[in-house]
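A.B. asks: Following this line is upload-v6.cif, made up of mmCIF, C-alpha atoms (C1' of nucleotides):
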```cif
data_final
#
loop_
_atom_site.label_atom_id
_atom_site.label_comp_id
_atom_site.auth_asym_id
_atom_site.auth_seq_id
_atom_site.Cartn_x
_atom_site.Cartn_y
_atom_site.Cartn_z
CA MET O 11 170.14 94.06 114.82
CA VAL O 12 170.67 95.59 111.41
CA ARG O 13 173.15 98.44 111.42
CA ALA O 14 171.82 101.72 110.17
CA GLY O 15 175.18 102.99 108.96
CA LEU O 16 175.10 106.29 110.75
CA THR O 17 177.81 108.91 110.61
CA ALA O 18 177.96 112.42 111.96
CA ASP O 19 177.74 113.80 108.41
CA ARG O 20 174.75 111.72 107.49
CA LEU O 21 173.04 112.74 110.72
CA ALA O 22 173.68 116.38 109.91
CA ARG O 23 172.11 115.93 106.47
CA VAL O 24 169.06 114.18 107.89
CA GLY O 25 168.90 116.84 110.57
CA ALA O 26 168.88 119.52 107.89
CA GLU O 27 165.95 117.84 106.12
CA LEU O 28 164.18 117.61 109.43
CA ALA O 29 164.81 121.29 110.09
CA ASP O 30 163.18 122.23 106.79
CA GLU O 31 160.16 120.10 107.65
CA ILE O 32 159.53 120.87 111.30
CA GLY O 33 161.67 123.96 111.94
CA PHE O 34 165.23 124.21 113.20
CA GLU O 35 164.06 124.86 116.77
CA GLN O 36 162.21 121.57 116.86
CA VAL O 37 165.17 119.51 115.74
CA THR O 38 166.12 117.40 118.76
CA VAL O 39 168.29 114.36 119.18
CA SER O 40 165.10 112.45 119.93
CA ALA O 41 163.35 113.58 116.78
CA LEU O 42 166.42 112.74 114.74
CA ALA O 43 166.61 109.25 116.27
CA ARG O 44 162.97 108.65 115.40
CA ARG O 45 163.63 109.81 111.85
CA VAL O 46 166.57 107.48 111.26
CA GLY O 47 164.83 104.61 113.06
CA VAL O 48 167.28 104.19 115.88
CA LYS O 49 167.27 104.53 119.66
CA VAL O 50 168.18 107.93 121.02
CA ALA O 51 171.29 106.85 122.91
CA SER O 52 172.77 105.42 119.72
CA LEU O 53 173.24 108.88 118.31
CA TYR O 54 175.56 109.85 121.11
CA SER O 55 178.29 107.73 119.56
CA HIS O 56 178.26 110.14 116.64
CA LEU O 57 177.24 113.40 118.26
CA ALA O 58 178.73 114.94 121.37
CA ASN O 59 175.43 116.49 122.43
CA SER O 60 172.42 118.40 121.23
CA ARG O 61 174.39 121.57 120.53
CA ASP O 62 176.85 119.55 118.47
CA LEU O 63 173.99 118.41 116.26
CA LYS O 64 172.76 121.95 115.74
CA THR O 65 176.27 123.16 115.05
CA ARG O 66 176.75 120.52 112.35
CA ILE O 67 173.47 121.45 110.69
CA ALA O 68 174.48 125.11 110.82
CA LEU O 69 177.86 124.39 109.23
CA LEU O 70 176.20 122.34 106.51
CA ALA O 71 173.76 125.14 105.75
CA LEU O 72 176.50 127.78 105.69
CA GLU O 73 178.48 125.67 103.27
CA GLU O 74 175.55 124.96 100.96
CA LEU O 75 174.73 128.63 100.92
CA ALA O 76 178.32 129.63 100.21
CA ASP O 77 178.55 127.10 97.37
CA ARG O 78 175.43 128.43 95.75
CA ALA O 79 176.53 132.01 96.21
CA ALA O 80 179.91 131.24 94.65
CA ASP O 81 178.17 129.64 91.67
CA ALA O 82 175.91 132.62 91.26
CA LEU O 83 178.79 135.04 91.46
CA ALA O 84 180.91 133.33 88.83
CA GLY O 85 181.23 135.52 85.77
CA ARG O 86 179.15 138.36 87.13
CA ALA O 87 180.01 141.82 88.34
CA GLY O 88 178.36 145.04 89.42
CA LYS O 89 174.63 145.07 89.91
CA ASP O 90 174.35 141.74 88.14
CA ALA O 91 176.50 140.15 90.84
CA LEU O 92 174.69 141.99 93.62
CA VAL O 93 171.29 140.77 92.51
CA ALA O 94 172.43 137.20 91.84
CA PHE O 95 174.07 137.00 95.25
CA ALA O 96 171.07 138.43 97.04
CA ASP O 97 168.70 136.13 95.21
CA VAL O 98 170.70 133.12 96.34
CA TYR O 99 170.06 134.06 99.94
CA ARG O 100 166.41 134.77 99.47
CA ASP O 101 165.76 131.68 97.36
CA TYR O 102 167.66 129.46 99.74
CA ALA O 103 165.74 130.77 102.73
CA ARG O 104 162.42 130.19 101.02
CA ALA O 105 163.32 126.74 99.76
CA HIS O 106 165.02 125.67 102.99
CA PRO O 107 163.68 127.71 105.90
CA GLY O 108 165.00 125.29 108.50
CA ARG O 109 168.48 125.30 107.05
CA TYR O 110 168.41 129.08 106.78
CA ALA O 111 167.45 129.31 110.45
CA ALA O 112 170.30 126.92 111.17
CA ALA O 113 172.72 129.21 109.35
CA GLN O 114 171.78 131.88 111.94
CA PHE O 115 172.71 129.59 114.81
CA ARG O 116 175.24 131.27 117.07
CA LEU O 117 178.48 129.32 116.69
CA ASP O 118 181.31 129.66 119.14
CA PRO O 119 184.05 131.93 117.77
CA GLU O 120 186.58 129.23 116.80
CA THR O 121 183.95 127.19 114.97
CA ALA O 122 182.69 130.30 113.21
CA ALA O 123 186.19 131.24 112.15
CA ALA O 124 186.64 127.82 110.54
CA SER O 125 183.19 127.82 108.91
CA ALA O 126 182.01 128.84 105.49
CA GLY O 127 180.95 132.08 107.13
CA VAL O 128 184.27 133.59 106.13
CA ARG O 129 183.57 132.74 102.47
CA HIS O 130 180.36 134.70 102.76
CA ALA O 131 182.24 137.73 103.98
CA GLN O 132 184.80 137.38 101.19
CA MET O 133 182.11 137.13 98.55
CA THR O 134 180.33 140.20 99.84
CA ARG O 135 183.59 142.11 99.52
CA ALA O 136 184.03 140.67 96.04
CA ILE O 137 180.72 142.17 94.99
CA LEU O 138 181.83 145.54 96.23
CA ARG O 139 184.83 145.44 93.92
CA GLY O 140 182.39 146.43 91.22
CA TYR O 141 181.63 149.63 93.09
CA ASP O 142 185.03 151.02 93.84
CA LEU O 143 184.87 151.65 97.57
CA ALA O 144 187.91 152.18 99.75
CA GLU O 145 188.15 151.32 103.42
CA PRO O 146 186.50 152.02 105.78
CA ASP O 147 183.57 152.59 103.44
CA GLN O 148 183.88 149.08 102.11
CA THR O 149 183.31 147.66 105.56
CA HIS O 150 180.35 149.96 106.13
CA ALA O 151 178.93 148.75 102.85
CA VAL O 152 179.53 145.09 103.72
CA ARG O 153 177.60 145.57 106.93
CA LEU O 154 174.78 147.39 105.21
CA LEU O 155 174.44 144.73 102.53
CA GLY O 156 174.46 141.96 105.12
CA SER O 157 171.82 143.79 107.12
CA VAL O 158 169.48 144.28 104.20
CA PHE O 159 169.83 140.72 102.93
CA HIS O 160 169.44 139.11 106.31
CA GLY O 161 166.82 141.56 107.50
CA TYR O 162 164.62 141.30 104.44
CA VAL O 163 164.86 137.55 104.17
CA SER O 164 164.13 136.92 107.81
CA LEU O 165 161.22 139.34 107.96
CA GLU O 166 159.80 137.77 104.82
CA LEU O 167 160.27 134.29 106.28
CA ALA O 168 158.54 135.38 109.47
CA GLY O 169 155.54 136.20 107.32
CA GLY O 170 155.93 139.94 107.60
CA PHE O 171 155.27 140.74 103.97
CA SER O 172 152.96 137.95 102.99
CA HIS O 173 149.46 138.37 101.73
CA SER O 174 149.55 142.13 101.47
CA ALA O 175 150.02 144.25 98.40
CA PRO O 176 152.38 144.96 96.80
CA ASP O 177 154.04 141.65 96.12
CA SER O 178 157.14 140.89 98.16
CA GLN O 179 159.12 140.21 94.98
CA GLU O 180 158.45 143.78 93.91
CA SER O 181 159.76 145.20 97.18
CA TRP O 182 162.80 142.96 96.95
CA THR O 183 163.61 144.19 93.47
CA ARG O 184 163.20 147.77 94.58
CA ALA O 185 165.42 147.20 97.59
CA LEU O 186 168.18 145.81 95.37
CA ASP O 187 167.77 148.67 92.93
CA ALA O 188 168.11 151.04 95.82
CA LEU O 189 171.21 149.32 97.15
CA ASP O 190 172.81 149.41 93.73
CA ALA O 191 172.12 153.10 93.39
CA LEU O 192 173.41 153.68 96.87
CA LEU O 193 176.68 151.86 96.23
CA ARG O 194 177.25 153.70 92.97
CA ASN O 195 176.85 157.08 94.68
CA TRP O 196 178.32 156.06 98.01
CA ARG O 197 180.42 159.19 98.36
CA ALA O 198 177.61 161.60 97.73
CA PRO O 199 175.13 161.31 100.60
CA GLY O 200 174.19 164.95 100.10
CA PRO O 201 173.25 167.40 102.87
CA SER O 202 169.93 167.10 104.61
CA PRO O 203 167.64 169.79 103.18
CA SER O 204 165.67 172.07 105.45
CA PRO O 205 162.10 171.99 104.07
CA MET M 13 152.25 128.94 152.95
CA VAL M 14 152.81 132.59 152.14
CA ARG M 15 151.22 133.66 148.88
CA ALA M 16 153.62 135.06 146.37
CA GLY M 17 151.05 137.26 144.69
CA LEU M 18 151.63 136.06 141.17
CA THR M 19 149.76 137.30 138.16
CA ALA M 20 150.25 136.65 134.47
CA ASP M 21 151.50 140.20 134.01
CA ARG M 22 154.00 140.00 136.81
CA LEU M 23 155.24 136.67 135.48
CA ALA M 24 155.72 138.21 132.07
CA ARG M 25 157.76 141.03 133.59
CA VAL M 26 159.95 138.64 135.57
CA GLY M 27 160.23 136.47 132.47
CA ALA M 28 161.46 139.48 130.52
CA GLU M 29 164.17 140.16 133.11
CA LEU M 30 165.13 136.53 132.96
CA ALA M 31 165.33 136.68 129.18
CA ASP M 32 167.76 139.58 129.34
CA GLU M 33 169.92 137.66 131.80
CA ILE M 34 169.96 134.15 130.37
CA GLY M 35 168.59 134.59 126.84
CA PHE M 36 165.03 134.31 125.60
CA GLU M 37 165.57 130.74 124.41
CA GLN M 38 166.49 129.62 127.90
CA VAL M 39 163.39 131.07 129.53
CA THR M 40 161.36 128.08 130.68
CA VAL M 41 158.46 127.69 133.04
CA SER M 42 160.84 125.88 135.38
CA ALA M 43 163.41 128.64 135.36
CA LEU M 44 160.69 131.20 135.97
CA ALA M 45 159.32 129.20 138.91
CA ARG M 46 162.78 129.05 140.43
CA ARG M 47 163.16 132.78 139.98
CA VAL M 48 159.91 133.67 141.72
CA GLY M 49 160.45 131.03 144.41
CA VAL M 50 157.44 128.88 143.69
CA LYS M 51 156.79 125.33 142.51
CA VAL M 52 156.53 124.84 138.78
CA ALA M 53 152.95 123.61 138.74
CA SER M 54 151.83 126.77 140.49
CA LEU M 55 152.55 128.83 137.41
CA TYR M 56 150.04 126.89 135.39
CA SER M 57 147.22 128.67 137.17
CA HIS M 58 148.45 131.87 135.53
CA LEU M 59 149.92 130.61 132.29
CA ALA M 60 148.29 128.26 129.83
CA ASN M 61 151.60 126.70 128.82
CA SER M 62 155.16 127.44 127.90
CA ARG M 63 154.22 129.11 124.63
CA ASP M 64 151.81 131.35 126.49
CA LEU M 65 154.67 132.57 128.67
CA LYS M 66 156.83 133.36 125.66
CA THR M 67 153.95 135.09 123.94
CA ARG M 68 153.37 137.33 126.96
CA ILE M 69 157.03 138.27 127.13
CA ALA M 70 156.97 139.02 123.40
CA LEU M 71 153.91 141.25 123.77
CA LEU M 72 155.51 143.08 126.66
CA ALA M 73 158.68 143.69 124.65
CA LEU M 74 156.74 144.87 121.60
CA GLU M 75 154.83 147.32 123.75
CA GLU M 76 157.88 148.68 125.53
CA LEU M 77 159.58 149.12 122.21
CA ALA M 78 156.58 150.86 120.69
CA ASP M 79 156.30 153.18 123.68
CA ARG M 80 159.92 154.21 123.41
CA ALA M 81 159.66 154.65 119.68
CA ALA M 82 156.59 156.83 120.07
CA ASP M 83 158.43 158.98 122.62
CA ALA M 84 161.41 159.33 120.33
CA LEU M 85 159.24 160.27 117.39
CA ALA M 86 157.32 162.99 119.18
CA GLY M 87 158.18 166.37 117.72
CA ARG M 88 160.59 165.05 115.13
CA ALA M 89 160.39 164.72 111.38
CA GLY M 90 162.52 163.82 108.39
CA LYS M 91 165.98 162.46 109.01
CA ASP M 92 165.77 163.49 112.63
CA ALA M 93 162.79 161.17 113.12
CA LEU M 94 164.41 158.39 111.11
CA VAL M 95 167.55 158.40 113.21
CA ALA M 96 165.72 158.71 116.52
CA PHE M 97 163.44 155.83 115.62
CA ALA M 98 166.27 153.62 114.46
CA ASP M 99 168.31 154.39 117.54
CA VAL M 100 165.45 153.30 119.76
CA TYR M 101 165.55 149.86 118.19
CA ARG M 102 169.29 149.52 118.35
CA ASP M 103 169.56 150.84 121.90
CA TYR M 104 166.74 148.66 123.11
CA ALA M 105 168.28 145.56 121.57
CA ARG M 106 171.63 146.27 123.17
CA ALA M 107 170.17 147.10 126.57
CA HIS M 108 167.64 144.25 126.52
CA PRO M 109 168.83 141.50 124.20
CA GLY M 110 166.46 138.93 125.67
CA ARG M 111 163.46 141.18 125.26
CA TYR M 112 164.53 142.07 121.73
CA ALA M 113 164.75 138.36 120.89
CA ALA M 114 161.31 137.97 122.44
CA ALA M 115 159.95 140.70 120.17
CA GLN M 116 160.98 138.47 117.25
CA PHE M 117 158.96 135.56 118.59
CA ARG M 118 156.53 134.31 115.98
CA LEU M 119 153.04 135.15 117.26
CA ASP M 120 149.95 133.57 115.82
CA PRO M 121 148.18 135.93 113.41
CA GLU M 122 145.34 137.02 115.69
CA THR M 123 147.68 137.78 118.57
CA ALA M 124 150.00 139.65 116.27
CA ALA M 125 147.13 141.72 114.89
CA ALA M 126 146.17 142.76 118.43
CA SER M 127 149.77 143.47 119.48
CA ALA M 128 151.84 146.61 119.52
CA GLY M 129 153.31 145.33 116.26
CA VAL M 130 150.73 147.37 114.40
CA ARG M 131 151.92 150.55 116.16
CA HIS M 132 155.41 149.82 114.86
CA ALA M 133 154.11 149.63 111.32
CA GLN M 134 152.16 152.88 111.78
CA MET M 135 155.19 154.67 113.14
CA THR M 136 157.37 153.53 110.29
CA ARG M 137 154.81 154.98 107.90
CA ALA M 138 154.74 158.17 109.94
CA ILE M 139 158.46 158.60 109.41
CA LEU M 140 158.00 158.27 105.69
CA ARG M 141 155.58 161.18 105.71
CA GLY M 142 158.68 163.33 105.85
CA TYR M 143 159.82 161.90 102.54
CA ASP M 144 156.77 162.29 100.36
CA LEU M 145 156.35 158.79 98.96
CA ALA M 146 153.15 157.56 97.34
CA GLU M 147 151.98 153.96 97.31
CA PRO M 148 153.24 151.43 96.45
CA ASP M 149 156.62 153.02 97.01
CA GLN M 150 155.74 153.78 100.59
CA THR M 151 155.24 150.09 101.29
CA HIS M 152 158.49 149.23 99.56
CA ALA M 153 160.21 151.79 101.74
CA VAL M 154 158.56 150.48 104.92
CA ARG M 155 159.87 147.04 104.12
CA LEU M 156 163.34 148.28 103.35
CA LEU M 157 163.53 150.30 106.56
CA GLY M 158 162.33 147.36 108.61
CA SER M 159 164.87 145.11 106.94
CA VAL M 160 167.80 147.41 107.61
CA PHE M 161 166.84 148.09 111.21
CA HIS M 162 166.14 144.50 112.07
CA GLY M 163 168.99 143.13 109.99
CA TYR M 164 171.61 145.46 111.36
CA VAL M 165 170.52 145.12 114.96
CA SER M 166 170.32 141.36 114.87
CA LEU M 167 173.67 140.93 113.13
CA GLU M 168 175.24 143.30 115.62
CA LEU M 169 173.64 141.44 118.50
CA ALA M 170 174.92 138.16 117.10
CA GLY M 171 178.39 139.60 117.39
CA GLY M 172 178.89 140.06 113.69
CA PHE M 173 180.42 143.51 113.86
CA SER M 174 182.12 143.39 117.20
CA HIS M 175 185.82 143.78 117.80
CA SER M 176 186.70 144.72 114.25
CA ALA M 177 187.37 148.14 112.83
CA PRO M 178 185.64 150.38 112.03
CA ASP M 179 183.40 150.86 115.00
CA SER M 180 179.86 149.56 114.66
CA GLN M 181 178.46 152.95 115.63
CA GLU M 182 180.19 154.42 112.59
CA SER M 183 178.64 151.86 110.24
CA TRP M 184 175.25 152.45 111.81
CA THR M 185 175.49 156.19 111.26
CA ARG M 186 176.53 155.63 107.67
CA ALA M 187 173.68 153.20 107.12
CA LEU M 188 171.17 155.75 108.37
CA ASP M 189 172.76 158.49 106.26
CA ALA M 190 172.45 156.21 103.29
CA LEU M 191 168.81 155.41 104.02
CA ASP M 192 168.00 159.07 104.38
CA ALA M 193 169.65 159.87 101.06
CA LEU M 194 167.85 156.96 99.47
CA LEU M 195 164.45 158.06 100.69
CA ARG M 196 165.01 161.64 99.56
CA ASN M 197 165.89 160.50 96.02
CA TRP M 198 163.57 157.49 95.95
CA ARG M 199 162.28 158.22 92.47
CA ALA M 200 165.71 158.51 90.90
CA PRO M 201 167.38 155.11 90.96
CA GLY M 202 169.32 155.99 87.82
CA PRO M 203 170.35 153.58 85.06
CA SER M 204 173.07 151.00 85.66
CA PRO M 205 176.23 152.25 83.93
CA SER M 206 178.23 149.97 81.65
CA PRO M 207 181.86 150.32 82.77
"C1'" DG X 27 188.91 80.80 113.21
"C1'" DC X 28 189.59 83.80 116.79
"C1'" DA X 29 190.25 88.55 118.79
"C1'" DT X 30 189.00 93.02 118.48
"C1'" DC X 31 186.43 96.82 117.28
"C1'" DT X 32 182.31 99.14 116.12
"C1'" DG X 33 177.52 100.16 116.23
"C1'" DC X 34 173.45 99.92 118.22
"C1'" DC X 35 171.02 98.36 122.30
"C1'" DT X 36 168.89 98.60 127.32
"C1'" DA X 37 168.90 100.98 131.66
"C1'" DA X 38 168.84 104.86 134.35
"C1'" DA X 39 169.26 109.61 136.19
"C1'" DA X 40 168.20 114.47 135.63
"C1'" DC X 41 165.39 118.07 133.93
"C1'" DC X 42 161.22 120.29 131.61
"C1'" DT X 43 156.13 120.27 130.59
"C1'" DT X 44 151.64 119.55 131.83
"C1'" DT X 45 147.48 117.69 134.33
"C1'" DA X 46 144.88 116.33 138.55
"C1'" DG X 47 143.59 116.77 142.98
"C1'" DG X 48 144.27 118.78 147.85
"C1'" DC X 49 144.73 122.13 151.61
"C1'" DA X 50 144.89 126.56 153.58
"C1'" DA X 51 144.54 131.49 153.26
"C1'" DA X 52 141.72 135.22 151.60
"C1'" DT X 53 137.24 136.96 150.52
"C1'" DG X 54 132.35 137.70 150.76
"C1'" DC X 55 127.91 137.23 152.94
"C1'" DC X 56 124.73 137.12 156.78
"C1'" DG E 25 132.16 136.79 164.08
"C1'" DG E 26 131.01 132.45 161.67
"C1'" DC E 27 130.47 130.05 157.45
"C1'" DA E 28 130.88 129.07 152.40
"C1'" DT E 29 133.32 129.97 148.44
"C1'" DT E 30 137.06 131.26 145.84
"C1'" DT E 31 141.85 131.63 145.07
"C1'" DG E 32 146.68 130.41 145.28
"C1'" DC E 33 150.07 127.44 145.93
"C1'" DC E 34 151.14 122.64 147.02
"C1'" DT E 35 152.15 117.39 146.17
"C1'" DA E 36 151.91 113.67 142.96
"C1'" DA E 37 152.43 111.72 138.68
"C1'" DA E 38 152.92 110.88 133.68
"C1'" DG E 39 155.34 111.81 129.43
"C1'" DG E 40 159.16 113.78 126.80
"C1'" DT E 41 164.22 115.21 126.04
"C1'" DT E 42 169.17 114.92 127.31
"C1'" DT E 43 173.02 112.46 128.57
"C1'" DT E 44 175.96 108.70 130.64
"C1'" DA E 45 177.18 103.77 131.49
"C1'" DG E 46 177.52 99.30 130.32
"C1'" DG E 47 176.32 95.17 127.24
"C1'" DC E 48 175.90 92.25 123.15
"C1'" DA E 49 176.27 91.00 118.40
"C1'" DG E 50 177.82 91.70 113.82
"C1'" DA E 51 181.77 93.40 111.04
"C1'" DT E 52 186.72 93.57 110.52
"C1'" DG E 53 191.53 92.03 110.72
"C1'" DC E 54 195.28 88.69 111.30
#
```
Can you present the structure in this file as structure tokens?
C.D. replies:
Amino acid sequence: MVRAGLTADRLARVGAELADEIGFEQVTVSALARRVGVKVASLYSHLANSRDLKTRIALLALEELADRAADALAGRAGKDALVAFADVYRDYARAHPGRYAAAQFRLDPETAAASAGVRHAQMTRAILRGYDLAEPDQTHAVRLLGSVFHGYVSLELAGGFSHSAPDSQESWTRALDALDALLRNWRAPGPSPSP
Amino acid sequence: MVRAGLTADRLARVGAELADEIGFEQVTVSALARRVGVKVASLYSHLANSRDLKTRIALLALEELADRAADALAGRAGKDALVAFADVYRDYARAHPGRYAAAQFRLDPETAAASAGVRHAQMTRAILRGYDLAEPDQTHAVRLLGSVFHGYVSLELAGGFSHSAPDSQESWTRALDALDALLRNWRAPGPSPSP
DNA sequence: GCATCTGCCTAAAACCTTTAGGCAAATGCC
DNA sequence: GGCATTTGCCTAAAGGTTTTAGGCAGATGC
């Protein structure tokens, strides 16, 4: 009976790999046990239950994503920061679709409050420092940015933009250009013209 | 042995109700059988399998959503159409979270091509007729609109904007104002200033 | 060298999915 | 109306996932 040397952290890492390979939805305690070559019940010494496993994978993904975003943001400001930050999300989702899906997992409020999710919010606000927005506009802008990033990336991941012209990269660039322009002129929405 | 009068369509409708009550993820053939007061195996005369059930609920949701959007769009143009269309999505998601989640269910390509999903795409393009965009900008704009609508609604549904000032409705209105302004000035992104 | 602890095991119950085969009610035909 | 067929729901059963309980052996500590 050779010991496999399992820990909750290692299981979360293996679970994250599994998520990228078979999809976050398909990650089960059973599948994870098969992957690490151990009987199912053995995992319950390390994991409280199935939701606990998913939560750990989600936290891992949120942290990885926040680390990469922080790296990308270092030394950048304005549109440069905006684009670098956005690209981190998109690239991460494409390289690690299962982990990205995990990052969307609905955590209970206390867990969420202690997660890297708060770093994400802070970094989004940091980007907006380059655009000079006061509250409550800053919050509106945070929500809009989050919506576009998450919305675009998840639609792209769902295959929405694939295999049809123009290239998705082109639309992404245009979306970021548009956001930048929007943030620079935030205060001047202009009246709706009557054509 | 009283017959319950089940059909695939009726099961999809009951499944949709169930999704709104317990969440789309939790809709199982078993739960549906309990709800309609029938043994589990009986449903397999009407449904091919569990995925088939979810697919039918998804198609139903897509169609309901498309019907409402078409109603909202009738007789409107420009920003008026944009806001009405967007509100349909947001209101539907808040009134029927399970169905909205179902509408996100990944259909296989053939099913998707035959679904009401294509009407959604057509309607989005119809809105853009009020903004005078040529290809490929129209496609870029379709993708951006879809991203903002879906992104905002799903973040709001996930509880992202709840219980924190300012009100989510306010941010939504500002987001739509911003989109409208963006679409009106699509061709003028303007150069990035060096501060 | 022995006691304890830890890590993985077997066993088992509960639930979900899916298939196979049966019986009775509804339907259609003469 | 009587009979055959079809239809609709049933029981039975196998396979998979989740979770708990209890056991045994290897690692750790004095």
A.B. asks: Restricting the calculation to all atoms listed in the file: of O:Lys89, O:His173, O:His56, O:His106, which residue gets closest to chain M?
C.D. replies: O:Lys89
A.B. asks: Evaluating the PyMOL selection byres ((chain O) within 6 of (chain M)) on the displayed file yields which residues, as a VMD selection string?
C.D. replies: chain O and resid 150 157 to 158 160 to 162 181 191 199
A.B. asks: Given the file above and the PyMOL selection byres ((chain E) within 12 of (chain M)), which residues are selected, and can you give them as a compact mmCIF listing (two decimals) with C-alpha atoms (C1' of nucleotides), in the coordinates of the input?
C.D. replies:
```
# COMPACT_ATOMS: atom_id res chain seq x y z
C1' DT E 31 141.85 131.63 145.07
C1' DG E 32 146.68 130.41 145.28
C1' DC E 33 150.07 127.44 145.93
C1' DC E 34 151.14 122.64 147.02
C1' DT E 35 152.15 117.39 146.17
C1' DA E 36 151.91 113.67 142.96
C1' DA E 37 152.43 111.72 138.68
```
A.B. asks: For a quick check of understanding, using all atoms listed in the file, which of M:Ser62, M:Ala28, M:Glu33, M:Val39 has the smallest distance to DT44 (chain X)?
C.D. replies: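 Distance minimum relative to DT44 (chain X) lands on M:Ser62.
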A.B. asks: Decode the PyMOL selection byres ((chain X) within 8 of (chain M)) for the given file into explicit residues and return them as an MDAnalysis selection string.
C.D. replies: chainID X and resid 42:44 50
A.B. asks: I need every residue sitting at most 12 Å from the point (168.3, 109.4, 136.9) (coordinates as in the file, all atoms listed in the file considered), written as an NGL selection string.
C.D. replies: (:X and (37-41)) or (:E and (42-45))
A.B. asks: Have a look at X:DA51, X:DC34, X:DA46, X:DA29 and name the one nearest to DG50 (chain E); count all atoms listed in the file.
C.D. replies: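 Closest to DG50 (chain E) of all the choices is X:DC34.
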A.B. asks: Using only C-alpha atoms (C1' of nucleotides), determine which residues lie at most 12 Å from DT30 (chain X), disregarding the query and same-chain residues fewer than 2 positions distant; provide the list as a list in words.
C.D. replies: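 That gives DC28 and DT32 of chain X; DA51, DT52, DG53 and DC54 of chain E.
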A.B. asks: Work out how far CA of Ala24 (chain M) is from CA of Ile69 (chain M), in Å to one decimal.
C.D. replies: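 That distance, rounded to one decimal, is 5.1 Å.
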A.B. asks: To test the calculation: enclose all listed atoms of region 144-158 of chain O in a box whose edges run along x, y and z, add 5 Å on each side, then state centre and edge lengths in Å to one decimal, as lines of an AutoDock Vina configuration file.
C.D. replies:
```
center_x = 178.8
center_y = 147.3
center_z = 103.4
size_x = 28.7
size_y = 20.6
size_z = 17.4
```
A.B. asks: Can you pull out every residue within 12 Å of DG26 (chain E), counting only C-alpha atoms (C1' of nucleotides), but drop anything in the same chain fewer than 2 positions away, and send it as a PDB file with C-alpha atoms (C1' of nucleotides), keeping the file's coordinate frame?
C.D. replies:
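As a result, selection.pdb now contains:
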```
ATOM      1  C1'  DC X  55     127.910 137.230 152.940  1.00  0.00           C
ATOM      2  C1'  DC X  56     124.730 137.120 156.780  1.00  0.00           C
TER       3       DC X  56
ATOM      4  C1'  DA E  28     130.880 129.070 152.400  1.00  0.00           C
TER       5       DA E  28
END
```
A.B. asks: So what do you get for CA of Leu83 (chain O) versus CA of Val24 (chain O), distance-wise?
C.D. replies: 28.3 Å
